[in-house]
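K.L.:
Handing you this structure, nothing more for now.
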Amino acid sequence: MNADTLRFATAGSVDDGKSTLVGRLLYDSKSVLTDQLEDVARASRTATPDLALLTDGLRAEREQGITIDVAYRYFATSRRRFILADTPGHVQYTRNMVTGTSTADLVVILVDARKGVVEQTRRHAAIAALLRVPQVVLAVNKMDLVGYAESAFTPVADEFTAYAGALGVPHVTAVPISALEGDNVVESSAAMPWYDGPTVLRHLETVEAGHDPADAEGRFPVQYVIRPGSAEHPDYRGYAGQIAAGAFRVGESVTVLPSGHTSTITGIDLLGRPVDAARAPQSVTLLFADDIDIARGDLIVPSADLPTTSRDVEATVCHVADTPLTVGRRVLIKHTTRTVRARVEEIPSRLGPDDLSQRPDPGQLVANDIGRIRLRAAEPLALDAYADSRSTGSFLLIDPADGTTLAAGMASPVPSTGHLAPPEPPTASASSIT
């Protein structure tokens, strides 16, 4: 990911003002086109444009006043580019929140200053911890309804920071705001002179963008084999794809998984020109010294840094389908560009949605459940632990009958005992209120 781009998601309980915050952020940062604002003004039920409608675009969302689907918005300031995922707050759409947060470097969690930390707040913090999101902003909203009082803000910020820290969220920044009035969203609020921290936008512009996938171990899933067979390139054979993690260099020894064949990189083509090295998330074509059998779905890795391959997969999954996931069910695992058959061997626990505690022997997982499962794949997979790599430690479970996505998975290391280990909580570091 480009260091000048920040991917972030928003989450919050129903009626906490999340969509209004996003609308205010876009409006005050001058990221809304005139025709979009005119459309919102026509759809608003009041004389003042309802900024929530900038993201709540579905008719059902506007009629019910809630966010249902994930709305993606792209905007930029002079400091940074942003990819924003506005996710639903209702417990019924937890799976949508997981989808929008899975690639985020930061999550903005809203709470109502009058209600404080509620069950859904804890659920969103738990999901952020589970998905290894490194940065969380707690936006304590509706400060205008509590007289902009510091005494209403501090207890909420303290409670949430302590809870998130216990879950292992590394960094928490709490900001008192009024999304409706615009206080501390883009511009600092004169109504809260006791707060000397950043506005929401200033924090988004300056926060560290998160883990750089180029710093991880090299992983290159093959998407396509290029063999033009033309008079100009009669012997050209390249392997195209996007580098999922790490970096690759000309002259480096690599191994192809699952076959185990080895070779040396003789060339790297990037945007039609040769380069000496490339790094995640660049899309490139690799050329090798040896003519070996490589196909879509193979994984190319540095020979000095081989991942473990196994047919046994242990993971935490968020079940997204309406039909339950049960023991014995046959599925497809899609990991990067590779798809293999598998069978659900065990569902030892369902995780408590607000604290990640284990509820043993659930029997099945239903829509929006998060649980621990064990799978047996038909072929070996080179899954990294999700804690080490979000890109190569994640996968999808798919219904082989109709292609429906069943669950999103986060892989765990396979324990040497062969028994299912409990989920490893993220490692907590110092949290801070800024």
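Residues are named by chain letter and number: chains run A, B, ... in the order of the structure tokens, numbers start at 1 in each chain, and ligands are numbered from 1 in the order shown.
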Enumerate, as a VMD selection string, the complete set of residues in range 192-408 of chain A that a backbone-based DSSP assignment places in alpha helix (DSSP H).

P.N.:
chain A and resid 200 to 206

K.L.:
Excluding range 397-403 of chain A and any residue of its chain fewer than 6 positions from it, enumerate the residues within 8 Å of it, using only C-alpha atoms, and give them as a ChimeraX atom specification.

P.N.:
/A:330-334,409

K.L.:
Limited to N, CA, C and O atoms, could you put the picked residues into a file as a CSV table (one decimal), in the first residue's frame?

P.N.:
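Saved to selection-v3.csv:
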```csv
chain,number,residue,atom,x,y,z
A,330,ARG,N,-18.9,-29.9,3.0
A,330,ARG,CA,-17.8,-29.7,2.0
A,330,ARG,C,-17.8,-28.3,1.4
A,330,ARG,O,-18.9,-27.8,1.0
A,331,VAL,N,-16.6,-27.7,1.3
A,331,VAL,CA,-16.5,-26.4,0.9
A,331,VAL,C,-15.3,-26.2,-0.1
A,331,VAL,O,-14.5,-27.2,-0.3
A,332,LEU,N,-15.2,-25.0,-0.6
A,332,LEU,CA,-14.0,-24.7,-1.3
A,332,LEU,C,-13.2,-23.6,-0.5
A,332,LEU,O,-13.9,-22.7,0.1
A,333,ILE,N,-11.9,-23.7,-0.4
A,333,ILE,CA,-11.1,-22.7,0.2
A,333,ILE,C,-10.4,-21.9,-0.9
A,333,ILE,O,-9.7,-22.4,-1.7
A,334,LYS,N,-10.7,-20.6,-0.9
A,334,LYS,CA,-10.0,-19.7,-1.9
A,334,LYS,C,-8.9,-18.9,-1.1
A,334,LYS,O,-9.3,-18.0,-0.3
A,409,GLY,N,-12.2,-16.1,6.5
A,409,GLY,CA,-11.3,-16.8,7.5
A,409,GLY,C,-10.0,-16.1,7.7
A,409,GLY,O,-9.5,-15.4,6.9
```

K.L.:
Residues at most 10 Å from range 110-123 of chain A, counting only C-alpha atoms, excluding those fewer than 3 positions away in the same chain, as a PyMOL selection string?

P.N.:
chain A and resi 10-18+21+89-91+94+107+126-129+137-146+148-149+152-157+159-160+163-164+167+174-178+352-356

K.L.:
Need to verify the contact set: range 286-298 of chain A, 8 Å, only C-alpha atoms, exclusion of same-chain residues closer than 2 positions in sequence. Can you return it as a PDB file with N, CA, C and O atoms, in the first residue's frame?

P.N.:
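around.pdb written:
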```
ATOM      1  N   PRO A 221       1.429 -14.769  -5.384  1.00  0.00           N
ATOM      2  CA  PRO A 221       0.463 -15.706  -5.967  1.00  0.00           C
ATOM      3  C   PRO A 221       0.384 -15.510  -7.485  1.00  0.00           C
ATOM      4  O   PRO A 221       0.204 -14.381  -7.971  1.00  0.00           O
ATOM      5  N   VAL A 222       0.528 -16.577  -8.214  1.00  0.00           N
ATOM      6  CA  VAL A 222       0.485 -16.495  -9.677  1.00  0.00           C
ATOM      7  C   VAL A 222      -0.962 -16.374 -10.149  1.00  0.00           C
ATOM      8  O   VAL A 222      -1.816 -17.201  -9.799  1.00  0.00           O
ATOM      9  N   GLN A 223      -1.212 -15.326 -10.934  1.00  0.00           N
ATOM     10  CA  GLN A 223      -2.549 -15.132 -11.496  1.00  0.00           C
ATOM     11  C   GLN A 223      -2.652 -15.631 -12.933  1.00  0.00           C
ATOM     12  O   GLN A 223      -3.684 -16.135 -13.352  1.00  0.00           O
ATOM     13  N   TYR A 224      -1.573 -15.472 -13.693  1.00  0.00           N
ATOM     14  CA  TYR A 224      -1.671 -15.750 -15.121  1.00  0.00           C
ATOM     15  C   TYR A 224      -0.293 -16.091 -15.672  1.00  0.00           C
ATOM     16  O   TYR A 224       0.708 -15.484 -15.284  1.00  0.00           O
ATOM     17  N   VAL A 225      -0.241 -17.061 -16.572  1.00  0.00           N
ATOM     18  CA  VAL A 225       1.001 -17.418 -17.265  1.00  0.00           C
ATOM     19  C   VAL A 225       0.985 -16.759 -18.632  1.00  0.00           C
ATOM     20  O   VAL A 225       0.052 -16.953 -19.423  1.00  0.00           O
ATOM     21  N   ARG A 237       8.276 -16.575 -21.420  1.00  0.00           N
ATOM     22  CA  ARG A 237       7.360 -17.224 -20.494  1.00  0.00           C
ATOM     23  C   ARG A 237       7.436 -16.460 -19.166  1.00  0.00           C
ATOM     24  O   ARG A 237       8.456 -16.514 -18.469  1.00  0.00           O
ATOM     25  N   GLY A 238       6.365 -15.733 -18.856  1.00  0.00           N
ATOM     26  CA  GLY A 238       6.347 -14.946 -17.635  1.00  0.00           C
ATOM     27  C   GLY A 238       5.171 -15.326 -16.760  1.00  0.00           C
ATOM     28  O   GLY A 238       4.177 -15.901 -17.231  1.00  0.00           O
ATOM     29  N   TYR A 239       5.283 -14.990 -15.506  1.00  0.00           N
ATOM     30  CA  TYR A 239       4.247 -15.342 -14.525  1.00  0.00           C
ATOM     31  C   TYR A 239       3.757 -14.049 -13.871  1.00  0.00           C
ATOM     32  O   TYR A 239       4.506 -13.390 -13.135  1.00  0.00           O
ATOM     33  N   ALA A 240       2.514 -13.701 -14.162  1.00  0.00           N
ATOM     34  CA  ALA A 240       1.980 -12.406 -13.777  1.00  0.00           C
ATOM     35  C   ALA A 240       1.127 -12.511 -12.519  1.00  0.00           C
ATOM     36  O   ALA A 240       0.487 -13.527 -12.256  1.00  0.00           O
ATOM     37  N   VAL A 256       8.627 -22.620  -5.790  1.00  0.00           N
ATOM     38  CA  VAL A 256       7.230 -22.631  -6.213  1.00  0.00           C
ATOM     39  C   VAL A 256       6.473 -23.642  -5.352  1.00  0.00           C
ATOM     40  O   VAL A 256       6.869 -24.806  -5.245  1.00  0.00           O
ATOM     41  N   LEU A 257       5.389 -23.185  -4.739  1.00  0.00           N
ATOM     42  CA  LEU A 257       4.570 -24.053  -3.899  1.00  0.00           C
ATOM     43  C   LEU A 257       3.208 -24.275  -4.555  1.00  0.00           C
ATOM     44  O   LEU A 257       2.674 -23.378  -5.207  1.00  0.00           O
ATOM     45  N   PRO A 258       2.642 -25.502  -4.473  1.00  0.00           N
ATOM     46  CA  PRO A 258       3.063 -26.574  -3.569  1.00  0.00           C
ATOM     47  C   PRO A 258       4.071 -27.559  -4.151  1.00  0.00           C
ATOM     48  O   PRO A 258       4.449 -28.510  -3.472  1.00  0.00           O
ATOM     49  N   HIS A 261       9.408 -26.899  -6.595  1.00  0.00           N
ATOM     50  CA  HIS A 261      10.429 -26.628  -7.598  1.00  0.00           C
ATOM     51  C   HIS A 261      11.118 -25.294  -7.307  1.00  0.00           C
ATOM     52  O   HIS A 261      10.482 -24.354  -6.826  1.00  0.00           O
ATOM     53  N   SER A 263      13.992 -22.135  -8.641  1.00  0.00           N
ATOM     54  CA  SER A 263      14.622 -21.478  -9.779  1.00  0.00           C
ATOM     55  C   SER A 263      15.165 -20.132  -9.311  1.00  0.00           C
ATOM     56  O   SER A 263      15.105 -19.801  -8.120  1.00  0.00           O
ATOM     57  N   THR A 264      15.676 -19.347 -10.258  1.00  0.00           N
ATOM     58  CA  THR A 264      16.221 -18.027  -9.969  1.00  0.00           C
ATOM     59  C   THR A 264      15.510 -16.986 -10.821  1.00  0.00           C
ATOM     60  O   THR A 264      15.257 -17.224 -12.014  1.00  0.00           O
ATOM     61  N   ILE A 265      15.181 -15.861 -10.237  1.00  0.00           N
ATOM     62  CA  ILE A 265      14.528 -14.779 -10.980  1.00  0.00           C
ATOM     63  C   ILE A 265      15.549 -14.143 -11.916  1.00  0.00           C
ATOM     64  O   ILE A 265      16.601 -13.658 -11.474  1.00  0.00           O
ATOM     65  N   THR A 266      15.255 -14.160 -13.204  1.00  0.00           N
ATOM     66  CA  THR A 266      16.141 -13.538 -14.196  1.00  0.00           C
ATOM     67  C   THR A 266      15.615 -12.199 -14.681  1.00  0.00           C
ATOM     68  O   THR A 266      16.355 -11.442 -15.318  1.00  0.00           O
ATOM     69  N   GLY A 267      14.362 -11.921 -14.423  1.00  0.00           N
ATOM     70  CA  GLY A 267      13.804 -10.648 -14.862  1.00  0.00           C
ATOM     71  C   GLY A 267      12.499 -10.333 -14.156  1.00  0.00           C
ATOM     72  O   GLY A 267      11.766 -11.238 -13.748  1.00  0.00           O
ATOM     73  N   ILE A 268      12.232  -9.035 -13.993  1.00  0.00           N
ATOM     74  CA  ILE A 268      10.971  -8.561 -13.431  1.00  0.00           C
ATOM     75  C   ILE A 268      10.453  -7.455 -14.339  1.00  0.00           C
ATOM     76  O   ILE A 268      11.150  -6.446 -14.559  1.00  0.00           O
ATOM     77  N   ASP A 269       9.269  -7.639 -14.897  1.00  0.00           N
ATOM     78  CA  ASP A 269       8.652  -6.627 -15.747  1.00  0.00           C
ATOM     79  C   ASP A 269       7.577  -5.890 -14.961  1.00  0.00           C
ATOM     80  O   ASP A 269       6.671  -6.510 -14.403  1.00  0.00           O
ATOM     81  N   VAL A 284       3.306  -7.335 -11.181  1.00  0.00           N
ATOM     82  CA  VAL A 284       4.497  -7.532 -12.006  1.00  0.00           C
ATOM     83  C   VAL A 284       4.410  -8.860 -12.742  1.00  0.00           C
ATOM     84  O   VAL A 284       3.508  -9.677 -12.511  1.00  0.00           O
ATOM     85  N   ILE A 300       4.751 -18.296  -5.273  1.00  0.00           N
ATOM     86  CA  ILE A 300       6.199 -18.156  -5.399  1.00  0.00           C
ATOM     87  C   ILE A 300       6.720 -17.424  -4.175  1.00  0.00           C
ATOM     88  O   ILE A 300       6.226 -16.350  -3.815  1.00  0.00           O
ATOM     89  N   THR A 336      -5.642 -16.564  -1.751  1.00  0.00           N
ATOM     90  CA  THR A 336      -5.024 -15.784  -2.829  1.00  0.00           C
ATOM     91  C   THR A 336      -5.629 -16.233  -4.166  1.00  0.00           C
ATOM     92  O   THR A 336      -6.826 -16.140  -4.345  1.00  0.00           O
ATOM     93  N   THR A 337      -4.815 -16.759  -5.077  1.00  0.00           N
ATOM     94  CA  THR A 337      -5.347 -17.184  -6.382  1.00  0.00           C
ATOM     95  C   THR A 337      -5.601 -18.681  -6.454  1.00  0.00           C
ATOM     96  O   THR A 337      -5.920 -19.206  -7.525  1.00  0.00           O
ATOM     97  N   ARG A 338      -5.468 -19.373  -5.346  1.00  0.00           N
ATOM     98  CA  ARG A 338      -5.595 -20.832  -5.326  1.00  0.00           C
ATOM     99  C   ARG A 338      -6.916 -21.237  -4.684  1.00  0.00           C
ATOM    100  O   ARG A 338      -7.293 -20.722  -3.622  1.00  0.00           O
ATOM    101  N   THR A 339      -7.615 -22.168  -5.288  1.00  0.00           N
ATOM    102  CA  THR A 339      -8.878 -22.679  -4.758  1.00  0.00           C
ATOM    103  C   THR A 339      -8.806 -24.200  -4.689  1.00  0.00           C
ATOM    104  O   THR A 339      -8.523 -24.860  -5.702  1.00  0.00           O
TER     105      THR A 339
END
```

K.L.:
Tell me, in Å to one decimal, how far CA of Leu131 in chain A is from CA of Met97 in chain A.

P.N.:
11.0 Å

K.L.:
Just the residues within 9 Å of range 199-204 of chain A, please, counting only C-alpha atoms, with nothing from its chain fewer than 3 positions along; format it as a compact mmCIF listing (two decimals) with all heavy atoms, in the first residue's frame.

P.N.:
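Output contents, as saved in selection_23.txt:
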```txt
# COMPACT_ATOMS: atom_id res chain seq x y z
N LEU A 6 -4.45 6.08 3.03
CA LEU A 6 -4.93 5.47 4.27
C LEU A 6 -6.29 4.83 4.01
O LEU A 6 -7.22 5.50 3.55
CB LEU A 6 -5.06 6.51 5.37
CG LEU A 6 -5.54 5.97 6.73
CD1 LEU A 6 -4.40 5.24 7.43
CD2 LEU A 6 -6.07 7.09 7.62
N PHE A 8 -9.46 3.39 5.78
CA PHE A 8 -10.07 3.37 7.10
C PHE A 8 -11.55 3.05 7.00
O PHE A 8 -12.18 3.24 5.94
CB PHE A 8 -9.83 4.68 7.86
CG PHE A 8 -10.62 5.87 7.38
CD1 PHE A 8 -11.77 6.28 8.04
CD2 PHE A 8 -10.19 6.62 6.29
CE1 PHE A 8 -12.48 7.39 7.63
CE2 PHE A 8 -10.90 7.73 5.87
CZ PHE A 8 -12.05 8.12 6.54
N LEU A 25 -17.40 14.88 7.14
CA LEU A 25 -15.99 14.77 6.77
C LEU A 25 -15.80 15.07 5.28
O LEU A 25 -14.91 15.82 4.89
CB LEU A 25 -15.49 13.36 7.11
CG LEU A 25 -14.00 13.08 7.05
CD1 LEU A 25 -13.25 13.94 8.06
CD2 LEU A 25 -13.73 11.60 7.32
N SER A 29 -14.35 18.83 4.04
CA SER A 29 -13.05 18.72 3.37
C SER A 29 -13.17 19.02 1.87
O SER A 29 -12.23 18.82 1.12
CB SER A 29 -12.46 17.32 3.56
OG SER A 29 -13.27 16.33 2.96
N ARG A 80 -2.95 13.65 2.04
CA ARG A 80 -3.08 12.20 1.91
C ARG A 80 -4.31 11.84 1.11
O ARG A 80 -5.28 12.59 1.06
CB ARG A 80 -3.14 11.57 3.31
CG ARG A 80 -3.36 10.10 3.37
CD ARG A 80 -3.24 9.58 4.80
NE ARG A 80 -1.87 9.20 5.12
CZ ARG A 80 -1.46 8.83 6.33
NH1 ARG A 80 -2.31 8.81 7.34
NH2 ARG A 80 -0.22 8.47 6.54
N PHE A 82 -7.44 8.94 0.69
CA PHE A 82 -8.19 8.09 1.61
C PHE A 82 -9.12 7.15 0.85
O PHE A 82 -9.72 7.53 -0.16
CB PHE A 82 -9.04 8.94 2.57
CG PHE A 82 -8.24 9.89 3.41
CD1 PHE A 82 -8.07 11.21 3.03
CD2 PHE A 82 -7.62 9.46 4.58
CE1 PHE A 82 -7.32 12.09 3.78
CE2 PHE A 82 -6.87 10.33 5.35
CZ PHE A 82 -6.73 11.65 4.96
N LEU A 106 -7.14 1.61 9.88
CA LEU A 106 -7.67 2.37 11.01
C LEU A 106 -9.18 2.24 11.01
O LEU A 106 -9.80 2.16 9.95
CB LEU A 106 -7.25 3.83 10.90
CG LEU A 106 -7.70 4.83 11.96
CD1 LEU A 106 -6.63 5.92 12.16
CD2 LEU A 106 -9.02 5.50 11.59
N VAL A 108 -12.65 4.11 12.73
CA VAL A 108 -13.27 5.16 13.54
C VAL A 108 -14.54 4.57 14.15
O VAL A 108 -15.46 4.21 13.42
CB VAL A 108 -13.62 6.40 12.70
CG1 VAL A 108 -14.30 7.46 13.57
CG2 VAL A 108 -12.37 6.98 12.05
N VAL A 137 -9.79 5.11 16.28
CA VAL A 137 -10.21 6.44 16.72
C VAL A 137 -11.57 6.29 17.38
O VAL A 137 -12.51 5.77 16.77
CB VAL A 137 -10.28 7.43 15.55
CG1 VAL A 137 -10.91 8.75 16.01
CG2 VAL A 137 -8.90 7.69 14.97
N ALA A 139 -14.59 8.29 18.34
CA ALA A 139 -15.23 9.59 18.13
C ALA A 139 -16.44 9.68 19.05
O ALA A 139 -17.46 9.01 18.83
CB ALA A 139 -15.65 9.73 16.67
N THR A 173 -7.11 6.64 19.90
CA THR A 173 -7.14 8.09 19.98
C THR A 173 -8.59 8.53 20.12
O THR A 173 -9.42 8.21 19.27
CB THR A 173 -6.53 8.73 18.71
OG1 THR A 173 -5.17 8.31 18.59
CG2 THR A 173 -6.57 10.25 18.79
N VAL A 175 -11.54 11.44 20.39
CA VAL A 175 -11.80 12.81 19.96
C VAL A 175 -13.24 13.16 20.27
O VAL A 175 -14.16 12.45 19.85
CB VAL A 175 -11.55 12.98 18.44
CG1 VAL A 175 -11.71 14.45 18.03
CG2 VAL A 175 -10.17 12.47 18.05
N PRO A 176 -13.50 14.27 21.00
CA PRO A 176 -14.88 14.71 21.23
C PRO A 176 -15.38 15.50 20.03
O PRO A 176 -14.73 16.45 19.57
CB PRO A 176 -14.75 15.62 22.46
CG PRO A 176 -13.36 16.19 22.36
CD PRO A 176 -12.52 15.13 21.68
N ILE A 177 -16.53 15.11 19.47
CA ILE A 177 -17.01 15.75 18.25
C ILE A 177 -18.52 16.00 18.29
O ILE A 177 -19.24 15.44 19.12
CB ILE A 177 -16.72 14.89 17.00
CG1 ILE A 177 -17.59 13.62 17.02
CG2 ILE A 177 -15.24 14.53 16.90
CD1 ILE A 177 -17.58 12.86 15.70
N ASP A 183 -18.10 20.14 14.88
CA ASP A 183 -17.05 20.37 15.88
C ASP A 183 -16.01 19.26 15.86
O ASP A 183 -16.33 18.07 16.01
CB ASP A 183 -17.67 20.44 17.28
CG ASP A 183 -18.62 21.62 17.45
OD1 ASP A 183 -18.13 22.73 17.68
OD2 ASP A 183 -19.85 21.40 17.34
N ASN A 184 -14.75 19.64 15.70
CA ASN A 184 -13.59 18.74 15.76
C ASN A 184 -13.62 17.62 14.71
O ASN A 184 -12.95 16.60 14.88
CB ASN A 184 -13.45 18.11 17.15
CG ASN A 184 -12.92 19.08 18.18
OD1 ASN A 184 -12.28 20.07 17.83
ND2 ASN A 184 -13.20 18.82 19.44
N VAL A 185 -14.39 17.81 13.65
CA VAL A 185 -14.37 16.83 12.56
C VAL A 185 -13.28 17.21 11.56
O VAL A 185 -12.33 16.47 11.33
CB VAL A 185 -15.74 16.73 11.87
CG1 VAL A 185 -15.67 15.75 10.70
CG2 VAL A 185 -16.80 16.28 12.86
N VAL A 186 -13.42 18.40 10.97
CA VAL A 186 -12.38 18.93 10.10
C VAL A 186 -11.70 20.13 10.75
O VAL A 186 -10.49 20.26 10.74
CB VAL A 186 -12.96 19.31 8.73
CG1 VAL A 186 -11.92 20.04 7.87
CG2 VAL A 186 -13.44 18.06 7.99
N GLU A 187 -12.52 21.01 11.36
CA GLU A 187 -12.01 22.20 12.03
C GLU A 187 -12.11 22.03 13.54
O GLU A 187 -13.06 21.41 14.04
CB GLU A 187 -12.80 23.43 11.58
CG GLU A 187 -12.76 23.69 10.08
CD GLU A 187 -11.38 24.07 9.57
OE1 GLU A 187 -10.57 24.54 10.41
OE2 GLU A 187 -11.11 23.90 8.37
N SER A 188 -11.13 22.60 14.26
CA SER A 188 -11.15 22.57 15.72
C SER A 188 -12.34 23.35 16.25
O SER A 188 -12.78 24.34 15.65
CB SER A 188 -9.86 23.16 16.29
OG SER A 188 -8.75 22.36 15.92
N SER A 189 -12.87 22.88 17.38
CA SER A 189 -14.08 23.48 17.94
C SER A 189 -13.74 24.52 19.00
O SER A 189 -13.00 24.24 19.95
CB SER A 189 -14.95 22.38 18.56
OG SER A 189 -16.03 22.95 19.27
N VAL A 207 -1.65 10.18 10.95
CA VAL A 207 -1.38 8.91 11.62
C VAL A 207 -0.56 8.00 10.71
O VAL A 207 -0.65 8.07 9.48
CB VAL A 207 -2.71 8.22 12.01
CG1 VAL A 207 -3.45 7.72 10.76
CG2 VAL A 207 -2.46 7.06 12.98
N GLU A 208 0.27 7.16 11.31
CA GLU A 208 1.04 6.20 10.54
C GLU A 208 0.08 5.26 9.82
O GLU A 208 -0.87 4.75 10.42
CB GLU A 208 1.97 5.41 11.46
CG GLU A 208 2.91 4.47 10.74
CD GLU A 208 3.86 3.76 11.69
OE1 GLU A 208 3.96 4.20 12.85
OE2 GLU A 208 4.48 2.77 11.27
N ALA A 209 0.35 5.02 8.55
CA ALA A 209 -0.60 4.29 7.71
C ALA A 209 -0.74 2.82 8.07
O ALA A 209 -1.61 2.14 7.55
CB ALA A 209 -0.21 4.42 6.24
```

K.L.:
Do you have, as JSON lines, the list of residues of range 84-131 of chain A lying at most 10 Å from range 317-326 of chain A, each with its nearest atom pair and that distance in Å to one decimal, counting only C-alpha atoms and ordered by chain then number?

P.N.:
```
{"residue": "A:Tyr93", "atom": "CA", "partner": "A:Val320", "partner_atom": "CA", "distance": 9.3}
{"residue": "A:Thr94", "atom": "CA", "partner": "A:Val320", "partner_atom": "CA", "distance": 8.8}
{"residue": "A:Arg95", "atom": "CA", "partner": "A:Val320", "partner_atom": "CA", "distance": 5.6}
{"residue": "A:Asn96", "atom": "CA", "partner": "A:Val320", "partner_atom": "CA", "distance": 8.2}
{"residue": "A:Val98", "atom": "CA", "partner": "A:Cys318", "partner_atom": "CA", "distance": 7.6}
{"residue": "A:Thr99", "atom": "CA", "partner": "A:Cys318", "partner_atom": "CA", "distance": 9.4}
{"residue": "A:Ile127", "atom": "CA", "partner": "A:Cys318", "partner_atom": "CA", "distance": 10.0}
```

K.L.:
Write the residues of the preceding selection, restricted to all heavy atoms, as a compact mmCIF listing (two decimals), in the first residue's frame.

P.N.:
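What landed in part_33.txt:
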```txt
# COMPACT_ATOMS: atom_id res chain seq x y z
N TYR A 93 -26.01 -6.72 10.74
CA TYR A 93 -25.09 -6.56 9.62
C TYR A 93 -23.63 -6.60 10.06
O TYR A 93 -22.76 -5.96 9.47
CB TYR A 93 -25.39 -5.24 8.89
CG TYR A 93 -26.83 -5.12 8.46
CD1 TYR A 93 -27.67 -4.18 9.04
CD2 TYR A 93 -27.36 -5.98 7.51
CE1 TYR A 93 -28.99 -4.08 8.67
CE2 TYR A 93 -28.70 -5.90 7.13
CZ TYR A 93 -29.51 -4.95 7.72
OH TYR A 93 -30.82 -4.86 7.35
N THR A 94 -23.37 -7.38 11.12
CA THR A 94 -21.99 -7.54 11.60
C THR A 94 -21.08 -8.04 10.50
O THR A 94 -19.93 -7.61 10.37
CB THR A 94 -21.95 -8.51 12.80
OG1 THR A 94 -22.71 -7.96 13.88
CG2 THR A 94 -20.52 -8.73 13.27
N ARG A 95 -21.57 -8.95 9.67
CA ARG A 95 -20.74 -9.51 8.60
C ARG A 95 -20.31 -8.41 7.63
O ARG A 95 -19.21 -8.46 7.08
CB ARG A 95 -21.51 -10.60 7.86
CG ARG A 95 -22.86 -10.19 7.34
CD ARG A 95 -23.67 -11.37 6.82
NE ARG A 95 -25.03 -11.00 6.46
CZ ARG A 95 -25.96 -11.86 6.06
NH1 ARG A 95 -25.65 -13.14 5.95
NH2 ARG A 95 -27.17 -11.46 5.75
N ASN A 96 -21.17 -7.40 7.40
CA ASN A 96 -20.80 -6.30 6.53
C ASN A 96 -19.69 -5.46 7.16
O ASN A 96 -18.80 -4.96 6.49
CB ASN A 96 -22.01 -5.42 6.23
CG ASN A 96 -23.15 -6.17 5.59
OD1 ASN A 96 -23.66 -7.13 6.18
ND2 ASN A 96 -23.57 -5.77 4.41
N VAL A 98 -17.41 -6.60 9.20
CA VAL A 98 -16.19 -7.38 9.06
C VAL A 98 -15.60 -7.18 7.66
O VAL A 98 -14.39 -6.99 7.50
CB VAL A 98 -16.44 -8.86 9.34
CG1 VAL A 98 -15.23 -9.71 8.98
CG2 VAL A 98 -16.80 -9.07 10.81
N THR A 99 -16.45 -7.21 6.65
CA THR A 99 -15.99 -7.03 5.27
C THR A 99 -15.31 -5.68 5.09
O THR A 99 -14.21 -5.59 4.53
CB THR A 99 -17.16 -7.14 4.29
OG1 THR A 99 -17.74 -8.44 4.41
CG2 THR A 99 -16.71 -6.93 2.86
N ILE A 127 -14.06 -6.77 17.10
CA ILE A 127 -13.81 -7.11 15.70
C ILE A 127 -12.55 -6.42 15.21
O ILE A 127 -11.74 -7.01 14.48
CB ILE A 127 -15.04 -6.73 14.84
CG1 ILE A 127 -16.21 -7.65 15.17
CG2 ILE A 127 -14.70 -6.81 13.36
CD1 ILE A 127 -17.51 -7.25 14.50
```

K.L.:
Could you name the residues that touch Pro362 in chain A at 8 Å or less, counting only C-alpha atoms, but leaving out those on the same chain fewer than 6 positions away, as an MDAnalysis selection string?

P.N.:
chainID A and resid 347:350

K.L.:
If I take CA of Asp4 in chain A and CA of Ile83 in chain A, how far is one from the other in Å, to one decimal?

P.N.:
11.0 Å

K.L.:
Quick one: of A:Gly241, A:Pro228, A:Pro302, A:Gly197, who's nearest to Thr262 in chain A, counting only C-alpha atoms?

P.N.:
A:Pro302

K.L.:
As an MDAnalysis selection string, please: every residue in range 123-299 of chain A that DSSP puts in strand (DSSP E or B).

P.N.:
chainID A and resid 135:141 171:176 178 183 187 219:221 224:226 238:242 245 247:249 253:257 262:270 273:275 277:279 283:288 299

K.L.:
By how many Å are CA of Glu217 in chain A and CA of Val169 in chain A apart?

P.N.:
23.4 Å

K.L.:
Quick one: of A:Thr392, A:Thr161, A:Thr206, A:Thr101, who's nearest to Pro307 in chain A, counting only C-alpha atoms?

P.N.:
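That would be A:Thr392, the residue with the smallest distance to Pro307 in chain A.
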